[in-house]
$ cat data_37.cif   # mmCIF, C-alpha atoms and all ligand atoms
data_work
#
loop_
_atom_site.label_atom_id
_atom_site.label_comp_id
_atom_site.auth_asym_id
_atom_site.auth_seq_id
_atom_site.Cartn_x
_atom_site.Cartn_y
_atom_site.Cartn_z
CA MET A 2 -4.83 15.77 10.35
CA ALA A 3 -4.68 19.36 9.14
CA SER A 4 -4.12 20.10 5.49
CA ASN A 5 -0.79 21.59 4.41
CA THR A 6 0.95 18.95 6.49
CA ASN A 7 3.93 17.17 4.99
CA ILE A 8 3.43 13.59 3.92
CA LEU A 9 6.26 11.42 2.62
CA VAL A 10 5.24 8.82 0.01
CA THR A 11 7.67 6.00 -0.85
CA GLY A 12 7.37 4.37 -4.27
CA ALA A 13 5.93 7.72 -5.35
CA ALA A 14 6.59 7.26 -9.07
CA GLY A 15 4.57 4.02 -9.16
CA TRP A 16 1.14 3.48 -10.66
CA THR A 17 -0.55 2.97 -7.30
CA ALA A 18 0.99 6.18 -5.94
CA GLN A 19 -0.57 8.29 -8.72
CA SER A 20 -4.12 8.17 -7.34
CA ILE A 21 -2.89 8.55 -3.77
CA ILE A 22 -0.78 11.63 -4.55
CA SER A 23 -3.67 13.18 -6.54
CA ALA A 24 -6.10 12.61 -3.67
CA LEU A 25 -3.68 13.89 -1.02
CA THR A 26 -2.81 17.09 -2.90
CA SER A 27 -6.46 17.79 -3.70
CA GLN A 28 -7.11 17.64 0.07
CA GLY A 29 -4.36 20.22 0.64
CA TYR A 30 -1.60 17.93 1.85
CA SER A 31 1.95 18.78 0.87
CA VAL A 32 3.43 15.60 -0.58
CA VAL A 33 7.08 14.65 -1.02
CA GLY A 34 7.97 11.65 -3.15
CA PHE A 35 10.75 9.11 -2.61
CA ASP A 36 11.71 6.67 -5.35
CA LEU A 37 14.66 5.05 -7.11
CA PRO A 38 16.97 6.97 -9.48
CA SER A 39 15.58 4.89 -12.36
CA ALA A 40 11.96 5.79 -11.57
CA GLU A 41 10.11 8.12 -13.92
CA TYR A 42 7.25 10.26 -12.66
CA LEU A 43 4.29 11.11 -14.85
CA PRO A 44 4.72 14.87 -15.47
CA THR A 45 1.25 15.59 -14.03
CA ILE A 46 2.17 13.74 -10.82
CA ARG A 47 5.62 15.34 -10.59
CA ARG A 48 3.99 18.78 -10.71
CA MET A 49 1.77 17.88 -7.73
CA LEU A 50 4.76 17.03 -5.54
CA ALA A 51 6.38 19.64 -3.31
CA SER A 52 9.72 17.90 -3.92
CA VAL A 53 11.23 14.52 -4.68
CA TYR A 54 13.99 12.50 -3.05
CA VAL A 55 15.95 10.06 -5.13
CA GLY A 56 17.24 6.97 -3.39
CA ASP A 57 16.80 3.35 -2.42
CA ILE A 58 14.79 2.53 0.71
CA ALA A 59 17.24 -0.32 1.31
CA ASP A 60 19.83 2.41 2.03
CA ALA A 61 19.22 3.43 5.66
CA GLY A 62 21.23 6.65 5.20
CA ALA A 63 19.10 7.81 2.27
CA ILE A 64 15.86 7.35 4.22
CA GLU A 65 17.29 8.97 7.31
CA THR A 66 18.49 12.02 5.39
CA CYS A 67 15.11 12.38 3.72
CA ILE A 68 13.09 12.12 6.96
CA LYS A 69 15.53 14.37 8.83
CA SER A 70 15.22 17.20 6.36
CA LEU A 71 11.49 16.82 5.67
CA ARG A 72 10.18 16.00 9.17
CA PRO A 73 6.91 14.62 7.76
CA GLU A 74 3.79 14.25 9.88
CA ALA A 75 3.26 10.82 8.38
CA ILE A 76 4.65 8.36 5.85
CA ILE A 77 2.69 6.42 3.25
CA HIS A 78 4.89 3.45 2.44
CA LEU A 79 4.20 1.96 -1.00
CA ALA A 80 7.66 1.06 -2.37
CA VAL A 81 8.04 -2.59 -3.29
CA ALA A 82 10.39 -4.58 -5.52
CA VAL A 83 8.74 -4.62 -8.95
CA GLY A 84 11.59 -5.40 -11.38
CA ALA A 85 11.01 -8.13 -13.96
CA GLN A 86 13.51 -10.53 -12.33
CA ASP A 87 13.33 -9.22 -8.77
CA TYR A 88 11.74 -12.37 -7.34
CA ASP A 89 14.08 -14.85 -9.05
CA GLU A 90 16.46 -14.49 -6.09
CA PRO A 91 15.73 -13.40 -2.51
CA GLU A 92 18.23 -10.48 -2.37
CA ARG A 93 16.11 -7.71 -3.91
CA PRO A 94 12.77 -8.53 -2.23
CA PHE A 95 14.48 -8.80 1.16
CA ALA A 96 16.52 -5.62 0.57
CA THR A 97 13.57 -3.51 -0.61
CA ASN A 98 10.51 -5.01 1.02
CA VAL A 99 11.96 -6.12 4.36
CA ARG A 100 15.13 -4.12 5.05
CA GLY A 101 13.60 -1.08 3.36
CA THR A 102 10.53 -1.29 5.60
CA TYR A 103 12.75 -1.69 8.67
CA ASN A 104 14.75 1.39 7.60
CA ILE A 105 11.58 3.46 7.30
CA PHE A 106 10.21 2.42 10.71
CA GLU A 107 13.57 2.80 12.44
CA SER A 108 14.22 6.28 11.02
CA ALA A 109 10.63 7.29 11.77
CA LYS A 110 11.04 6.12 15.37
CA GLN A 111 14.34 7.93 15.84
CA LEU A 112 13.15 11.15 14.22
CA GLY A 113 9.72 11.29 15.87
CA VAL A 114 7.40 10.41 12.98
CA ARG A 115 4.54 8.64 14.72
CA LYS A 116 2.17 7.70 11.89
CA ILE A 117 2.79 5.26 9.04
CA ILE A 118 0.27 3.95 6.50
CA MET A 119 1.63 0.89 4.76
CA MET A 120 0.35 -0.80 1.63
CA SER A 121 -0.06 -4.48 2.35
CA SER A 122 -1.61 -7.18 0.24
CA ALA A 123 -4.83 -9.19 0.63
CA ALA A 124 -4.77 -12.90 -0.15
CA VAL A 125 -7.03 -12.44 -3.19
CA HIS A 126 -4.57 -14.43 -5.34
CA LEU A 127 -4.75 -17.47 -3.04
CA PRO A 128 -7.50 -20.08 -2.80
CA ALA A 129 -10.04 -19.32 -0.05
CA PRO A 130 -9.03 -21.27 3.08
CA GLY A 131 -12.61 -22.33 3.87
CA GLY A 132 -14.27 -21.75 7.20
CA GLY A 133 -15.75 -18.30 7.02
CA ILE A 134 -14.70 -14.74 6.47
CA GLU A 135 -10.95 -13.90 6.42
CA ASP A 136 -10.23 -11.58 9.29
CA ALA A 137 -7.52 -8.93 8.98
CA HIS A 138 -6.72 -9.38 12.68
CA HIS A 139 -5.06 -12.63 11.65
CA GLN A 140 -1.53 -12.90 10.28
CA LEU A 141 -1.22 -12.33 6.54
CA ARG A 142 -1.39 -15.66 4.68
CA THR A 143 1.40 -16.85 2.40
CA SER A 144 1.40 -19.69 -0.11
CA ALA A 145 3.71 -22.35 -1.53
CA GLY A 146 3.20 -21.18 -5.12
CA GLY A 147 5.06 -18.74 -7.34
CA ASP A 148 4.10 -15.80 -5.13
CA HIS A 149 5.73 -17.28 -2.04
CA LEU A 150 8.64 -14.82 -1.83
CA TYR A 151 6.43 -11.78 -2.43
CA ASP A 152 3.85 -13.02 0.11
CA LEU A 153 6.52 -13.81 2.68
CA THR A 154 8.13 -10.37 2.43
CA LYS A 155 4.71 -8.68 2.70
CA GLN A 156 4.02 -10.77 5.83
CA LEU A 157 7.39 -9.70 7.26
CA GLN A 158 6.58 -6.04 6.51
CA GLU A 159 3.45 -6.36 8.67
CA ALA A 160 5.48 -8.06 11.43
CA ILE A 161 7.89 -5.08 11.45
CA ALA A 162 4.98 -2.64 11.47
CA GLN A 163 3.26 -4.43 14.36
CA ASP A 164 6.46 -4.53 16.36
CA TYR A 165 7.15 -0.79 16.02
CA ALA A 166 3.52 0.10 16.77
CA ALA A 167 3.58 -2.02 19.93
CA ASN A 168 6.98 -0.94 21.25
CA PHE A 169 7.29 2.68 20.17
CA GLU A 170 3.75 4.09 20.43
CA MET A 171 3.33 4.55 16.73
CA ALA A 172 0.01 4.63 14.85
CA VAL A 173 0.32 2.18 11.99
CA VAL A 174 -2.29 1.08 9.49
CA ALA A 175 -1.65 -1.75 7.03
CA LEU A 176 -4.07 -1.56 4.11
CA ARG A 177 -4.39 -5.07 2.68
CA ALA A 178 -5.28 -4.16 -0.87
CA GLY A 179 -6.89 -6.49 -3.37
CA HIS A 180 -5.54 -6.58 -6.92
CA ILE A 181 -5.29 -2.90 -7.82
CA VAL A 182 -7.01 -1.66 -11.00
CA ASP A 183 -8.50 1.62 -12.13
CA GLY A 184 -12.29 1.34 -11.97
CA ARG A 185 -12.86 4.88 -13.28
CA ALA A 186 -10.81 4.30 -16.41
CA ALA A 187 -11.84 0.59 -16.52
CA ARG A 188 -8.17 -0.36 -17.05
CA ASP A 189 -5.57 -2.39 -15.22
CA PRO A 190 -2.05 -1.06 -14.49
CA ARG A 191 -0.86 -2.29 -17.89
CA GLY A 192 -3.59 -0.30 -19.65
CA ARG A 193 -5.68 -3.35 -20.57
CA PRO A 194 -9.48 -2.91 -20.59
CA LEU A 195 -10.94 -4.64 -17.54
CA GLN A 196 -13.21 -6.79 -19.75
CA GLU A 197 -10.03 -8.60 -20.87
CA VAL A 198 -8.60 -9.08 -17.37
CA GLN A 199 -9.35 -12.35 -15.57
CA TYR A 200 -6.60 -12.17 -12.92
CA CYS A 201 -8.02 -12.05 -9.39
CA ARG A 202 -11.57 -11.22 -10.50
CA GLY A 203 -13.74 -10.86 -7.43
CA GLY A 204 -10.69 -9.46 -5.59
CA TRP A 205 -10.15 -6.09 -7.24
CA VAL A 206 -9.89 -2.66 -5.69
CA CYS A 207 -10.00 0.61 -7.60
CA ARG A 208 -6.88 2.70 -7.00
CA HIS A 209 -9.05 5.78 -6.34
CA ASP A 210 -10.95 3.94 -3.57
CA LEU A 211 -7.57 2.86 -2.19
CA ALA A 212 -6.48 6.50 -2.17
CA GLN A 213 -9.56 7.35 -0.07
CA ALA A 214 -8.65 4.53 2.32
CA CYS A 215 -5.16 6.06 2.69
CA ILE A 216 -6.58 9.47 3.54
CA LEU A 217 -9.09 8.05 6.04
CA ALA A 218 -6.30 6.00 7.64
CA LEU A 219 -4.10 9.10 7.85
CA GLU A 220 -6.86 11.09 9.48
CA HIS A 221 -8.21 8.48 11.89
CA ALA A 222 -5.34 6.11 12.74
CA PRO A 223 -5.33 5.50 16.49
CA ALA A 224 -2.12 4.50 18.31
CA GLY A 225 -1.20 0.88 17.73
CA PHE A 226 -1.39 -1.42 14.74
CA ARG A 227 -4.50 -1.95 12.59
CA ALA A 228 -4.82 -4.03 9.42
CA TYR A 229 -7.76 -3.66 7.05
CA HIS A 230 -8.85 -5.51 3.93
CA VAL A 231 -9.43 -2.98 1.17
CA ILE A 232 -11.15 -4.85 -1.67
CA GLY A 233 -13.96 -3.25 -3.64
CA SER A 234 -15.33 -6.26 -5.56
CA ARG A 235 -18.77 -7.15 -4.26
CA GLU A 236 -17.80 -10.85 -4.07
CA ALA A 237 -15.08 -9.97 -1.54
CA LEU A 238 -17.77 -9.14 1.03
CA HIS A 239 -18.39 -12.90 1.34
CA ARG A 240 -14.73 -13.78 1.83
CA PHE A 241 -12.99 -10.93 3.66
CA ASP A 242 -13.94 -8.68 6.59
CA VAL A 243 -14.41 -5.70 4.29
CA LYS A 244 -17.49 -4.60 6.26
CA ARG A 245 -15.22 -3.92 9.25
CA THR A 246 -13.02 -1.75 7.01
CA GLU A 247 -16.05 0.22 5.85
CA HIS A 248 -17.31 0.59 9.40
CA GLU A 249 -14.04 1.44 11.18
CA LEU A 250 -12.41 3.57 8.49
CA GLY A 251 -15.68 5.06 7.23
CA LEU A 252 -14.71 4.01 3.71
CA LYS A 253 -17.32 3.95 0.92
CA PHE A 254 -16.29 2.02 -2.17
CA ASN A 255 -17.28 3.69 -5.42
CA GLN A 256 -16.26 0.69 -7.51
CA ARG A 257 -17.85 -2.72 -6.80
CA PHE A 258 -17.02 -4.36 -10.17
CA SER A 259 -20.35 -6.25 -10.31
CA GLU A 260 -20.08 -6.21 -14.12
CA PHE A 261 -16.85 -8.25 -13.91
CA PRO A 262 -17.84 -11.46 -12.09
CA ARG A 263 -15.37 -14.23 -11.39
CA ALA A 264 -15.40 -16.68 -14.32
N1 LIG B 1 -0.29 -4.11 -7.69
C1 LIG B 1 -1.22 -4.68 -6.92
O1 LIG B 1 -2.24 -5.20 -7.40
C2 LIG B 1 -1.02 -4.68 -5.44
C3 LIG B 1 -1.92 -5.42 -4.64
C4 LIG B 1 -1.80 -5.37 -3.27
C5 LIG B 1 -0.81 -4.61 -2.68
N2 LIG B 1 0.07 -3.92 -3.48
C6 LIG B 1 1.09 -3.11 -2.82
O2 LIG B 1 0.94 -1.76 -3.30
C7 LIG B 1 2.20 -1.11 -3.27
C8 LIG B 1 2.50 -0.54 -4.64
O3 LIG B 1 2.77 -1.65 -5.49
P1 LIG B 1 2.53 -1.75 -7.05
O4 LIG B 1 2.63 -3.20 -7.39
O5 LIG B 1 1.30 -1.05 -7.44
O6 LIG B 1 3.77 -1.07 -7.64
P2 LIG B 1 3.95 0.40 -8.19
O7 LIG B 1 3.55 0.49 -9.60
O8 LIG B 1 3.27 1.33 -7.25
O9 LIG B 1 5.53 0.56 -8.09
C9 LIG B 1 6.28 0.52 -6.90
C10 LIG B 1 7.20 1.72 -6.85
O10 LIG B 1 8.21 1.45 -5.85
C11 LIG B 1 9.45 1.90 -6.35
N3 LIG B 1 10.55 1.17 -5.71
C12 LIG B 1 10.91 -0.12 -5.93
N4 LIG B 1 12.00 -0.42 -5.19
C13 LIG B 1 12.32 0.69 -4.51
C14 LIG B 1 13.37 0.99 -3.60
N5 LIG B 1 14.26 0.06 -3.24
N6 LIG B 1 13.46 2.24 -3.08
C15 LIG B 1 12.53 3.20 -3.44
N7 LIG B 1 11.52 2.97 -4.30
C16 LIG B 1 11.40 1.73 -4.83
C17 LIG B 1 9.40 1.62 -7.85
O11 LIG B 1 10.35 2.37 -8.56
C18 LIG B 1 7.96 1.98 -8.17
O12 LIG B 1 7.84 3.34 -8.52
C19 LIG B 1 3.21 -2.18 -2.82
O13 LIG B 1 3.44 -2.09 -1.43
C20 LIG B 1 2.51 -3.48 -3.16
O14 LIG B 1 2.98 -4.57 -2.39
C21 LIG B 1 -0.01 -3.95 -4.83
#

$ encode --input "data_37.cif" --output "structure tokens" --more "lines below"
Ligand SMILES: NC(=O)c1ccc[n+]([C@@H]2O[C@H](COP(=O)([O-])OP(=O)(O)OC[C@H]3O[C@@H](n4cnc5c(N)ncnc54)[C@H](O)[C@@H]3O)[C@@H](O)[C@H]2O)c1
Amino acid sequence: MASNTNILVTGAAGWTAQSIISALTSQGYSVVGFDLPSAEYLPTIRRMLASVYVGDIADAGAIETCIKSLRPEAIIHLAVAVGAQDYDEPERPFATNVRGTYNIFESAKQLGVRKIIMMSSAAVHLPAPGGGIEDAHHQLRTSAGGDHLYDLTKQLQEAIAQDYAANFEMAVVALRAGHIVDGRAARDPRGRPLQEVQYCRGGWVCRHDLAQACILALEHAPAGFRAYHVIGSREALHRFDVKRTEHELGLKFNQRFSEFPRA
């Protein structure tokens, strides 16, 4: 994909979006952000963006207006319900994660956007199922625990993505990210040093490696649906088909987190 092309990023004010927007703009892409009215961009990130749209992805009209005026070559879909109480009731996760994803695919289909990269989620927070390497060709796993609603809506996002790729000749890549941290800064999203973080050890991915995965997916996505595990931790090689991701996307992880073994 040529540089200077327009890319729409949803959830653009989020922490995960920061590394992706930096990587895209340094490659010459023109990036437009979409996020909620309450969202606050880091000033350095806001300056990288060609423009920003303010709205809710659950509002089909807002997404349609944005895509109609921008006519992006591709969409990187990151927006997800992240409010403190969002998962206490099903309304918000279904509105944002499921209906919002449907709105994006439906508007993209109608307005001729053929490529969507979607941030999905690897089952690094769930116990290993046993019986070999987890294969991203299989349906995303959910669990009966406290993450059930989040997991279920992420699974439904992939079902929507697969359906649109199959029926409307779209090129869709779902990147099943591990727990996202910043390996360069050795911090998690809350700013805690990684030495103090135990959550999902062995299942981390550096947000800068994830940004490279987004760019490779943008540049090489064939027609149809592909899902890839994107997990940098060395231990993940024994549990997920990360080698296929490296091989098919051409991704090289800079952060393997060997110094942070699972307890
Ligand atoms: N955080 C992780 O460790 C992790 C792991 C695997 C996958 N993911 C996925 O990565 C993506 C980014 O998630 P994150 O947890 O890093 O959050 P984040 O920090 O990137 O924040 C998400 C952004 O989405 C925006 N948003 C929320 N609802 C919206 C709506 N209705 N309309 C428009 N924008 C909206 C928020 O304002 C926020 O800026 C998500 O798809 C998430 O499921 C995250």

$ residues_around --input "data_37.cif" --residues "stretch 244-260 of chain A" --least-positions-apart "2" --cutoff "8 Å" --atoms "all atoms listed in the file" --output "ChimeraX atom specification"
/A:184-185,203,205-207,210,213-214,217-218,221,229-231,233-235,238,242,262

$ closest_residue --input "data_37.cif" --among "A:Gly225, A:Pro194, A:Gly147, A:Gly131" --to "A:Phe241" --atoms "only C-alpha atoms"
A:Gly131

$ axis_aligned_box --input "data_37.cif" --around "ligand LIG 1 (chain B)" --padding-each-side "5 Å" --output "AutoDock Vina command-line options"
--center_x 6.0 --center_y -1.0 --center_z -5.5 --size_x 26.5 --size_y 18.8 --size_z 18.2

$ closest_residue --input "data_37.cif" --among "A:Ala59, A:Ile105, A:Ile76, A:Ala85" --to "ligand LIG 1 (chain B)" --atoms "all atoms listed in the file"
A:Ala59

$ residues_around --input "data_37.cif" --residues "stretch 157-166 of chain A" --least-positions-apart "4" --cutoff "6 Å" --atoms "all atoms listed in the file" --output "ChimeraX atom specification"
/A:99,170-171,225-226

$ closest_residue --input "data_37.cif" --among "A:Gly146, A:Gly84, A:Gly132, A:Pro44" --to "ligand LIG 1 (chain B)" --atoms "all atoms listed in the file"
A:Gly84

$ closest_atom_pairs --input "data_37.cif" --of "chain A" --to "ligand LIG 1 (chain B)" --cutoff "7 Å" --atoms "all atoms listed in the file" --output "Markdown table"
| residue | atom | partner | partner_atom | distance |
| --- | --- | --- | --- | --- |
| A:Thr11 | CA | B:LIG1 | N7 | 6.0 |
| A:Gly12 | CA | B:LIG1 | O10 | 3.4 |
| A:Ala13 | CA | B:LIG1 | O12 | 5.7 |
| A:Ala14 | CA | B:LIG1 | O12 | 4.2 |
| A:Gly15 | CA | B:LIG1 | O12 | 3.4 |
| A:Trp16 | CA | B:LIG1 | O7 | 4.0 |
| A:Thr17 | CA | B:LIG1 | O8 | 4.2 |
| A:Ala18 | CA | B:LIG1 | O8 | 5.5 |
| A:Phe35 | CA | B:LIG1 | C15 | 6.2 |
| A:Asp36 | CA | B:LIG1 | N7 | 3.9 |
| A:Leu37 | CA | B:LIG1 | C15 | 4.6 |
| A:Ser39 | CA | B:LIG1 | O11 | 6.9 |
| A:Ala40 | CA | B:LIG1 | O11 | 4.8 |
| A:Gly56 | CA | B:LIG1 | C15 | 6.0 |
| A:Asp57 | CA | B:LIG1 | N6 | 3.6 |
| A:Ile58 | CA | B:LIG1 | N6 | 4.0 |
| A:Ala59 | CA | B:LIG1 | N5 | 5.5 |
| A:His78 | CA | B:LIG1 | O13 | 6.9 |
| A:Leu79 | CA | B:LIG1 | O13 | 4.1 |
| A:Ala80 | CA | B:LIG1 | O10 | 3.5 |
| A:Val81 | CA | B:LIG1 | C12 | 4.6 |
| A:Ala82 | CA | B:LIG1 | N4 | 4.5 |
| A:Val83 | CA | B:LIG1 | C12 | 5.8 |
| A:Thr97 | CA | B:LIG1 | N5 | 4.5 |
| A:Gly101 | CA | B:LIG1 | N5 | 6.7 |
| A:Met120 | CA | B:LIG1 | O13 | 4.5 |
| A:Ser121 | CA | B:LIG1 | C5 | 5.1 |
| A:Ser122 | CA | B:LIG1 | C4 | 4.0 |
| A:Ala123 | CA | B:LIG1 | C4 | 6.2 |
| A:Lys155 | CA | B:LIG1 | O14 | 6.8 |
| A:Arg177 | CA | B:LIG1 | C5 | 6.5 |
| A:Ala178 | CA | B:LIG1 | C4 | 4.4 |
| A:Gly179 | CA | B:LIG1 | C4 | 5.2 |
| A:His180 | CA | B:LIG1 | O1 | 3.6 |
| A:Ile181 | CA | B:LIG1 | O1 | 3.8 |
| A:Val182 | CA | B:LIG1 | O1 | 6.9 |
